[in-house]
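Since the structure comes first, as structure tokens, the remarks are kept for the end.
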Amino acid sequence: VQLYITDKEASFRVPLYSLKGIRKVTLKQGESKEVVFDITENTMSSINDEGRAVIEPGEIIVYIGGSSPCKRSKELGVENIRQASIFIN
């Protein structure tokens with residue numbers, strides 16, 4: 001399971017999808033498991049032009065799934081990528 005973030009309102013250039021966590025999960029056919037990620041300040045931060053980790057006000061989108069949330073994954077038929085928005089004041 002992969003965790004990505006997108007900073008929708010960064011004042012500097014950031015990756016479209018930044019990989020922030022990964023968990024290896026082995027499932028048998030028909031089995032499901034709960035996977036937990038802690039969303040910390042480090043998870044939410046981006047590296048600015050001066051090389052500092054910062055968190056800016058605005059919307060951050062969190063994606064969790066078995067692949068990157070990029071357009072190519074969707075073209076290949078990857079499903080079950082979930083997303084949620086977090087708003088930083």
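Naming scheme: A, B, ... for chains in displayed order of the structure tokens; residues 1 onward per chain; ligands 1 onward as shown.
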DSSP strand (DSSP E or B) residues within chain A, listed as a PyMOL selection string
chain A and resi 2-7+18-22+46-47+53-54+58-65+82-88
Nearby residues (only C-alpha atoms) at most 10 Å from A:Glu41, same-chain spacing under 6 positions excluded, as a list in words:
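The filter keeps Ala53, Val54 and Ile55 of chain A.
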Please write the residues from the selection above to a file, keeping C-alpha atoms, as a PDB file, in the first residue's frame.
```
ATOM      1  CA  ALA A  53      11.023  21.135   5.068  1.00  0.00           C
ATOM      2  CA  VAL A  54       7.978  23.406   5.312  1.00  0.00           C
ATOM      3  CA  ILE A  55       4.227  23.122   5.655  1.00  0.00           C
TER       4      ILE A  55
END
```
Give me, as a PDB file with all heavy atoms, in the first residue's frame, all polymer residues having an atom no more than 8 Å from stretch 23-40 of chain A, counting only C-alpha atoms and skipping those fewer than 6 positions away in the same chain.
```pdb
ATOM      1  N   VAL A   1       0.861  -1.170   0.000  1.00  0.00           N
ATOM      2  CA  VAL A   1       0.000   0.000   0.000  1.00  0.00           C
ATOM      3  C   VAL A   1       0.901   1.225   0.000  1.00  0.00           C
ATOM      4  O   VAL A   1       1.868   1.297   0.752  1.00  0.00           O
ATOM      5  CB  VAL A   1      -0.922   0.014   1.238  1.00  0.00           C
ATOM      6  CG1 VAL A   1      -1.800   1.247   1.233  1.00  0.00           C
ATOM      7  CG2 VAL A   1      -1.758  -1.243   1.303  1.00  0.00           C
ATOM      8  N   GLN A   2       0.587   2.176  -0.854  1.00  0.00           N
ATOM      9  CA  GLN A   2       1.407   3.374  -0.994  1.00  0.00           C
ATOM     10  C   GLN A   2       0.624   4.616  -0.568  1.00  0.00           C
ATOM     11  O   GLN A   2      -0.575   4.718  -0.808  1.00  0.00           O
ATOM     12  CB  GLN A   2       1.858   3.522  -2.445  1.00  0.00           C
ATOM     13  CG  GLN A   2       2.686   2.352  -2.920  1.00  0.00           C
ATOM     14  CD  GLN A   2       2.997   2.420  -4.411  1.00  0.00           C
ATOM     15  OE1 GLN A   2       2.799   3.434  -5.057  1.00  0.00           O
ATOM     16  NE2 GLN A   2       3.473   1.317  -4.949  1.00  0.00           N
ATOM     17  N   LEU A   3       1.336   5.550   0.062  1.00  0.00           N
ATOM     18  CA  LEU A   3       0.761   6.825   0.507  1.00  0.00           C
ATOM     19  C   LEU A   3       1.471   7.952  -0.237  1.00  0.00           C
ATOM     20  O   LEU A   3       2.698   8.066  -0.174  1.00  0.00           O
ATOM     21  CB  LEU A   3       0.957   6.995   2.015  1.00  0.00           C
ATOM     22  CG  LEU A   3       0.638   8.367   2.599  1.00  0.00           C
ATOM     23  CD1 LEU A   3      -0.862   8.583   2.640  1.00  0.00           C
ATOM     24  CD2 LEU A   3       1.227   8.519   3.981  1.00  0.00           C
TER      25      LEU A   3
END
```
Which residues, written as a count of residues only, have at least one atom at most 7 Å from stretch 7-22 of chain A, with only C-alpha atoms counted and residues fewer than 3 positions away on the same chain left out?
12
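Listed by chain and then by rising number, the residues of chain A that DSSP assigns to helix (DSSP H, G or I) from the backbone are Glu41, Asn42, Thr43, Met44, Lys71, Arg72, Ser73, Lys74 and Glu75 of chain A.
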Atoms kept (N, CA, C and O atoms) for selection, written as a PDB file, in the first residue's frame:
```pdb
ATOM      1  N   GLU A  41       3.716  15.762  10.757  1.00  0.00           N
ATOM      2  CA  GLU A  41       4.240  16.979  10.128  1.00  0.00           C
ATOM      3  C   GLU A  41       5.211  16.620   9.014  1.00  0.00           C
ATOM      4  O   GLU A  41       5.221  17.254   7.962  1.00  0.00           O
ATOM      5  N   ASN A  42       6.029  15.607   9.225  1.00  0.00           N
ATOM      6  CA  ASN A  42       6.980  15.181   8.204  1.00  0.00           C
ATOM      7  C   ASN A  42       6.249  14.700   6.947  1.00  0.00           C
ATOM      8  O   ASN A  42       6.670  14.981   5.823  1.00  0.00           O
ATOM      9  N   THR A  43       5.149  13.994   7.149  1.00  0.00           N
ATOM     10  CA  THR A  43       4.357  13.508   6.012  1.00  0.00           C
ATOM     11  C   THR A  43       3.817  14.677   5.193  1.00  0.00           C
ATOM     12  O   THR A  43       3.799  14.633   3.964  1.00  0.00           O
ATOM     13  N   MET A  44       3.391  15.721   5.856  1.00  0.00           N
ATOM     14  CA  MET A  44       2.736  16.852   5.201  1.00  0.00           C
ATOM     15  C   MET A  44       3.716  17.878   4.623  1.00  0.00           C
ATOM     16  O   MET A  44       3.317  18.732   3.850  1.00  0.00           O
ATOM     17  N   LYS A  71      -2.050   9.394 -13.957  1.00  0.00           N
ATOM     18  CA  LYS A  71      -2.929   9.068 -15.077  1.00  0.00           C
ATOM     19  C   LYS A  71      -2.594   7.699 -15.666  1.00  0.00           C
ATOM     20  O   LYS A  71      -3.479   6.932 -16.022  1.00  0.00           O
ATOM     21  N   ARG A  72      -1.318   7.355 -15.767  1.00  0.00           N
ATOM     22  CA  ARG A  72      -0.901   6.076 -16.354  1.00  0.00           C
ATOM     23  C   ARG A  72      -1.441   4.891 -15.550  1.00  0.00           C
ATOM     24  O   ARG A  72      -1.833   3.883 -16.126  1.00  0.00           O
ATOM     25  N   SER A  73      -1.463   4.987 -14.232  1.00  0.00           N
ATOM     26  CA  SER A  73      -2.020   3.910 -13.409  1.00  0.00           C
ATOM     27  C   SER A  73      -3.482   3.664 -13.760  1.00  0.00           C
ATOM     28  O   SER A  73      -3.922   2.524 -13.871  1.00  0.00           O
ATOM     29  N   LYS A  74      -4.220   4.740 -13.958  1.00  0.00           N
ATOM     30  CA  LYS A  74      -5.640   4.607 -14.320  1.00  0.00           C
ATOM     31  C   LYS A  74      -5.792   3.962 -15.692  1.00  0.00           C
ATOM     32  O   LYS A  74      -6.662   3.122 -15.903  1.00  0.00           O
ATOM     33  N   GLU A  75      -4.910   4.341 -16.634  1.00  0.00           N
ATOM     34  CA  GLU A  75      -4.956   3.742 -17.970  1.00  0.00           C
ATOM     35  C   GLU A  75      -4.672   2.244 -17.913  1.00  0.00           C
ATOM     36  O   GLU A  75      -5.184   1.476 -18.727  1.00  0.00           O
TER      37      GLU A  75
END
```
Work out how far apart atom CA of A:Ile88 and atom CA of A:Ser45 are and give it in Å to one decimal.
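Interatomic distance, atom CA of A:Ile88 to atom CA of A:Ser45: 11.1 Å.
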